[in-house]
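As provided, data-v1.txt (compact mmCIF, C-alpha atoms and all ligand atoms) reads as follows.
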# COMPACT_ATOMS: atom_id res chain seq x y z
CA MET A 1096 16.63 -29.72 -9.28
CA SER A 1097 15.72 -26.26 -8.01
CA GLY A 1098 17.71 -24.83 -5.13
CA ASN A 1099 16.46 -23.50 -1.83
CA ILE A 1100 18.16 -20.12 -1.57
CA THR A 1101 17.82 -16.81 -3.32
CA PHE A 1102 19.45 -13.44 -2.83
CA THR A 1103 17.63 -10.12 -2.47
CA MET A 1104 18.42 -6.45 -1.99
CA ILE A 1105 16.05 -3.75 -0.82
CA LYS A 1106 17.09 -0.89 -3.10
CA PRO A 1107 18.06 2.66 -2.02
CA LYS A 1108 14.77 4.37 -2.95
CA ALA A 1109 12.64 1.87 -1.04
CA ILE A 1110 14.91 2.37 1.99
CA ALA A 1111 14.77 6.18 1.61
CA ASP A 1112 10.96 5.99 1.33
CA GLY A 1113 10.80 4.18 4.68
CA HIS A 1114 9.67 0.78 3.39
CA MET A 1115 12.47 -1.33 4.91
CA GLY A 1116 10.39 -2.72 7.78
CA ASN A 1117 7.29 -3.44 5.69
CA ILE A 1118 9.31 -5.21 3.00
CA ILE A 1119 11.18 -7.41 5.50
CA LYS A 1120 7.84 -8.26 7.16
CA LYS A 1121 6.31 -9.15 3.80
CA ILE A 1122 9.30 -11.36 2.90
CA ILE A 1123 8.87 -13.31 6.16
CA GLU A 1124 5.09 -13.55 5.68
CA GLY A 1125 5.77 -15.06 2.25
CA GLY A 1126 7.42 -18.04 3.92
CA PHE A 1127 11.02 -17.03 3.18
CA ASN A 1128 13.42 -17.77 6.02
CA ILE A 1129 16.12 -15.12 6.46
CA LYS A 1130 19.49 -16.90 6.38
CA ALA A 1131 21.60 -13.71 6.31
CA LEU A 1132 20.89 -9.99 6.44
CA LYS A 1133 23.01 -6.84 6.21
CA TYR A 1134 22.39 -3.06 6.13
CA THR A 1135 25.13 -1.69 3.91
CA ARG A 1136 25.97 0.56 0.98
CA LEU A 1137 27.46 -0.36 -2.39
CA THR A 1138 30.38 1.66 -3.70
CA LYS A 1139 30.17 2.46 -7.41
CA ASN A 1140 32.69 -0.26 -8.03
CA ASP A 1141 30.64 -2.78 -6.04
CA ALA A 1142 27.55 -1.87 -8.08
CA ARG A 1143 29.49 -2.16 -11.35
CA LYS A 1144 30.67 -5.63 -10.36
CA PHE A 1145 27.33 -6.80 -9.04
CA TYR A 1146 25.51 -5.80 -12.23
CA GLU A 1147 28.36 -6.68 -14.60
CA VAL A 1148 26.11 -8.95 -16.68
CA HIS A 1149 24.19 -5.80 -17.70
CA LYS A 1150 27.26 -3.74 -18.63
CA GLU A 1151 26.33 -3.51 -22.33
CA ARG A 1152 22.78 -2.41 -21.56
CA PRO A 1153 21.81 1.26 -22.01
CA PHE A 1154 20.60 1.51 -18.41
CA TYR A 1155 23.83 0.17 -16.84
CA ASN A 1156 25.46 3.48 -15.82
CA ASP A 1157 22.24 4.87 -14.34
CA LEU A 1158 21.67 1.60 -12.49
CA VAL A 1159 25.19 1.75 -11.01
CA GLU A 1160 24.64 5.38 -9.92
CA PHE A 1161 21.28 4.54 -8.41
CA MET A 1162 22.36 1.39 -6.58
CA SER A 1163 25.29 3.22 -4.97
CA SER A 1164 23.22 6.32 -4.09
CA GLY A 1165 22.27 5.22 -0.56
CA PRO A 1166 22.09 2.30 1.85
CA ILE A 1167 20.52 -1.01 0.93
CA ILE A 1168 19.53 -4.19 2.71
CA ALA A 1169 21.15 -7.36 1.38
CA ALA A 1170 19.71 -10.72 2.40
CA VAL A 1171 19.85 -14.42 1.65
CA LEU A 1172 16.45 -16.10 1.73
CA GLU A 1173 15.65 -19.79 2.11
CA LYS A 1174 12.56 -21.64 0.87
CA ASP A 1175 11.84 -24.61 -1.40
CA ASN A 1176 12.09 -23.38 -5.01
CA ALA A 1177 13.36 -20.06 -3.64
CA VAL A 1178 14.45 -18.33 -6.87
CA GLU A 1179 11.23 -18.86 -8.79
CA ASP A 1180 8.91 -18.38 -5.80
CA TYR A 1181 10.60 -15.12 -4.81
CA ARG A 1182 10.44 -13.76 -8.37
CA THR A 1183 6.72 -14.48 -8.43
CA TYR A 1184 6.31 -12.94 -4.97
CA ILE A 1185 8.08 -9.67 -5.84
CA GLY A 1186 6.35 -9.22 -9.23
CA SER A 1187 7.58 -8.13 -12.68
CA THR A 1188 10.80 -6.14 -13.07
CA ASN A 1189 8.72 -3.26 -14.39
CA PRO A 1190 6.36 -2.35 -11.53
CA ALA A 1191 3.76 -1.15 -14.06
CA GLU A 1192 3.39 -4.82 -15.00
CA ALA A 1193 3.63 -6.23 -11.46
CA ALA A 1194 0.67 -8.19 -10.09
CA GLU A 1195 -1.47 -6.78 -7.29
CA GLY A 1196 -0.09 -7.46 -3.81
CA THR A 1197 3.49 -8.07 -4.96
CA ILE A 1198 6.37 -6.21 -3.32
CA ARG A 1199 7.10 -4.24 -6.49
CA LYS A 1200 3.46 -3.31 -7.01
CA LEU A 1201 3.31 -2.06 -3.43
CA TYR A 1202 6.68 -0.30 -3.08
CA ALA A 1203 8.39 0.29 -6.46
CA THR A 1204 8.33 3.66 -8.20
CA SER A 1205 10.04 2.85 -11.55
CA ILE A 1206 11.77 0.02 -13.43
CA GLU A 1207 15.10 1.19 -11.98
CA ALA A 1208 13.80 1.95 -8.48
CA ASN A 1209 11.85 -1.31 -8.45
CA ALA A 1210 12.10 -1.76 -4.66
CA VAL A 1211 13.90 -5.10 -4.58
CA HIS A 1212 16.30 -7.30 -6.51
CA GLY A 1213 15.79 -11.05 -6.78
CA SER A 1214 18.25 -13.59 -8.22
CA ASP A 1215 17.32 -14.96 -11.65
CA SER A 1216 18.86 -18.45 -11.25
CA ASP A 1217 20.18 -20.84 -8.60
CA GLU A 1218 23.69 -20.26 -9.89
CA ASN A 1219 23.37 -16.48 -9.55
CA ALA A 1220 21.76 -16.85 -6.11
CA LEU A 1221 24.98 -18.49 -4.89
CA ILE A 1222 27.24 -15.97 -6.63
CA GLU A 1223 25.24 -12.97 -5.34
CA SER A 1224 25.04 -14.37 -1.77
CA GLY A 1225 28.82 -14.85 -1.82
CA PHE A 1226 29.25 -11.26 -2.99
CA PHE A 1227 27.89 -9.99 0.35
CA PHE A 1228 28.20 -12.79 2.91
CA SER A 1229 30.80 -15.21 4.21
CA GLN A 1230 29.73 -18.70 5.31
CA ARG A 1231 29.81 -17.68 8.97
CA GLU A 1232 27.30 -14.86 8.30
CA MET A 1233 24.70 -17.35 7.00
CA PHE A 1234 22.47 -19.17 9.48
P1 LIG B 1301 17.16 -6.14 -10.78
O1 LIG B 1301 16.29 -7.30 -10.45
O2 LIG B 1301 17.94 -5.54 -9.69
O3 LIG B 1301 18.17 -6.57 -11.96
C1 LIG B 1301 18.65 -5.67 -12.92
C2 LIG B 1301 18.04 -4.33 -12.79
O4 LIG B 1301 18.21 -3.50 -13.92
C3 LIG B 1301 16.54 -4.47 -12.65
O5 LIG B 1301 16.23 -5.01 -11.41
C4 LIG B 1301 16.07 -3.06 -12.91
O6 LIG B 1301 16.13 -2.24 -11.76
C5 LIG B 1301 17.12 -2.60 -13.91
N1 LIG B 1301 16.52 -2.57 -15.24
C6 LIG B 1301 16.14 -3.61 -15.99
N2 LIG B 1301 15.65 -3.19 -17.17
C7 LIG B 1301 15.73 -1.83 -17.14
C8 LIG B 1301 15.38 -0.82 -18.04
N3 LIG B 1301 14.82 -1.12 -19.24
N4 LIG B 1301 15.61 0.46 -17.69
C9 LIG B 1301 16.16 0.75 -16.50
N5 LIG B 1301 16.53 -0.18 -15.58
C10 LIG B 1301 16.29 -1.46 -15.90

As a first step, turn the structure in this file into C-alpha cells.
Amino acid sequence: MSGNITFTMIKPKAIADGHMGNIIKKIIEGGFNIKALKYTRLTKNDARKFYEVHKERPFYNDLVEFMSSGPIIAAVLEKDNAVEDYRTYIGSTNPAEAAEGTIRKLYATSIEANAVHGSDSDENALIESGFFFSQREMF
C-alpha cells in the first residue's frame, strides 16, 4: 500500500533565486498538506549523510558542496500516494526533461540545482522526515 507522506527540500539555488514563496504556494496548490516545515542549512556532514546512498556516484562531492552552500527549506508533505504524486508534480530529476508546469521546469537551473528534492520511496520518506523533524514538529 502506498503511504501518505513524502519529504521535500527547496534547494539553495532556488532559495537564492527568490523562489521560496512561489514553490511553497505551488506545493499547496498541488493538494499537498504541509505537516512540517523548517528554514535551515545543512552542514557538509549533514549533506554527506543525507545523500549517503549516492556516495559512489561521480556527482556526490559536488552535490554535498552545493546542498550545504546556503539555506534550504525542509518540509514533510501529506497527500494520498504522496511519494509518486509529488515526483510527478515536481518533474524529472533533469529539468531539461521535466514536463511543462512542473516545479523543476519552472524553477530549476541544472540537474544539480534542480529546485527541489522529493523522496523516492515511502521508506525513504520516513527516514528523510526523521532526519529533519521530531514527532512534535509534525502536525
Ligand atoms: P535529488 O532528488 O535531490 O536526489 C539526488 C540528487 O542528485 C538529485 O536530486 C540531483 O540534484 C543530483 N543528481 C542526480 N543525478 C545527477 C547527475 N547526473 N549529475 C549531477 N547531479 C545529479

Please check which protein, DNA or RNA residues sit within 9 Å of ligand LIG 1301 (chain B), counting all atoms listed in the file, and write them as a list in words.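 So the residues close to ligand LIG 1301 (chain B) are Thr1103, Met1104, Lys1106, Tyr1146, Val1148, His1149, Arg1152, Pro1153, Phe1154, Tyr1155, Asp1157, Leu1158, Met1162, Arg1182, Thr1188, Asn1189, Ser1205, Ile1206, Glu1207, Ala1208, Asn1209, Ala1210, Val1211, His1212, Gly1213, Ser1214 and Asp1215 of chain A.
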
Please provide the set of residues having any atom within 8 Å of Tyr1184 of chain A, restricted to only C-alpha atoms, with same-chain residues fewer than 3 positions apart removed, written as a list in words.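 Listing them by chain and then by number gives Gly1125, Asp1180, Tyr1181, Thr1197 and Ile1198 of chain A.
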
Taking 2 positions as the minimum chain separation for residues in the same chain, which residues sit within 12 Å of segment 1222-1228 of chain A when counting only C-alpha atoms? Answer as an MDAnalysis selection string. chainID A and resid 1100:1104 1130:1137 1141:1142 1144:1147 1167:1173 1212:1220 1230:1234

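Atom pair atom CA of Ser1229 of chain A / atom CA of Glu1160 of chain A: separated by 25.7 Å.
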
So which residues touch Asp1175 of chain A within 9 Å, counting all atoms listed in the file, skipping near sequence neighbours fewer than 3 positions away, as a PDB file with C-alpha atoms, in the coordinates of the input?
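The result, stored in result-v1.pdb:
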ATOM      1  CA  SER A1097      15.720 -26.260  -8.010  1.00  0.00           C
ATOM      2  CA  GLY A1098      17.710 -24.830  -5.130  1.00  0.00           C
ATOM      3  CA  ASN A1099      16.460 -23.500  -1.830  1.00  0.00           C
ATOM      4  CA  ILE A1100      18.160 -20.120  -1.570  1.00  0.00           C
ATOM      5  CA  PHE A1127      11.020 -17.030   3.180  1.00  0.00           C
ATOM      6  CA  VAL A1178      14.450 -18.330  -6.870  1.00  0.00           C
ATOM      7  CA  ASP A1180       8.910 -18.380  -5.800  1.00  0.00           C
TER       8      ASP A1180
END

Go through A:Ser1187, A:His1114, A:Glu1179, A:Ile1105 and flag the residue nearest Tyr1202 of chain A, using all atoms listed in the file for the distances.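 Of A:Ser1187, A:His1114, A:Glu1179, A:Ile1105, the one nearest Tyr1202 of chain A, counting all atoms listed in the file, is A:His1114.
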
Just how far from atom CA of Lys1139 of chain A is atom CA of Lys1120 of chain A, in Å to one decimal?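 So the two atoms, atom CA of Lys1120 of chain A and atom CA of Lys1139 of chain A, lie 28.7 Å apart.
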
Report the distance between atom CA of Ala1194 of chain A and atom CA of Ile1118 of chain A in Å, rounded to one decimal place.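 According to the coordinates, atom CA of Ala1194 of chain A and atom CA of Ile1118 of chain A are separated by 16.0 Å.
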
Given the choices A:Asn1140, A:Ala1203, A:Gly1165, A:Val1159, which gets closest to Pro1190 of chain A if the distance is worked out from all atoms listed in the file?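 Answer, going by the shortest atom-to-atom distance: A:Ala1203.
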
Using all atoms listed in the file: which of A:Ala1177, A:Glu1124, A:Glu1195, A:Pro1166 has the shortest distance to Asp1112 of chain A: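 That would be A:Pro1166, the residue with the smallest distance to Asp1112 of chain A.
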
Axis-aligned box for segment 1131-1135 of chain A, 8 Å per side, centre and edges in Å as JSON:
{"center_x": 23.0, "center_y": -7.7, "center_z": 5.2, "size_x": 20.2, "size_y": 28.0, "size_z": 18.5}
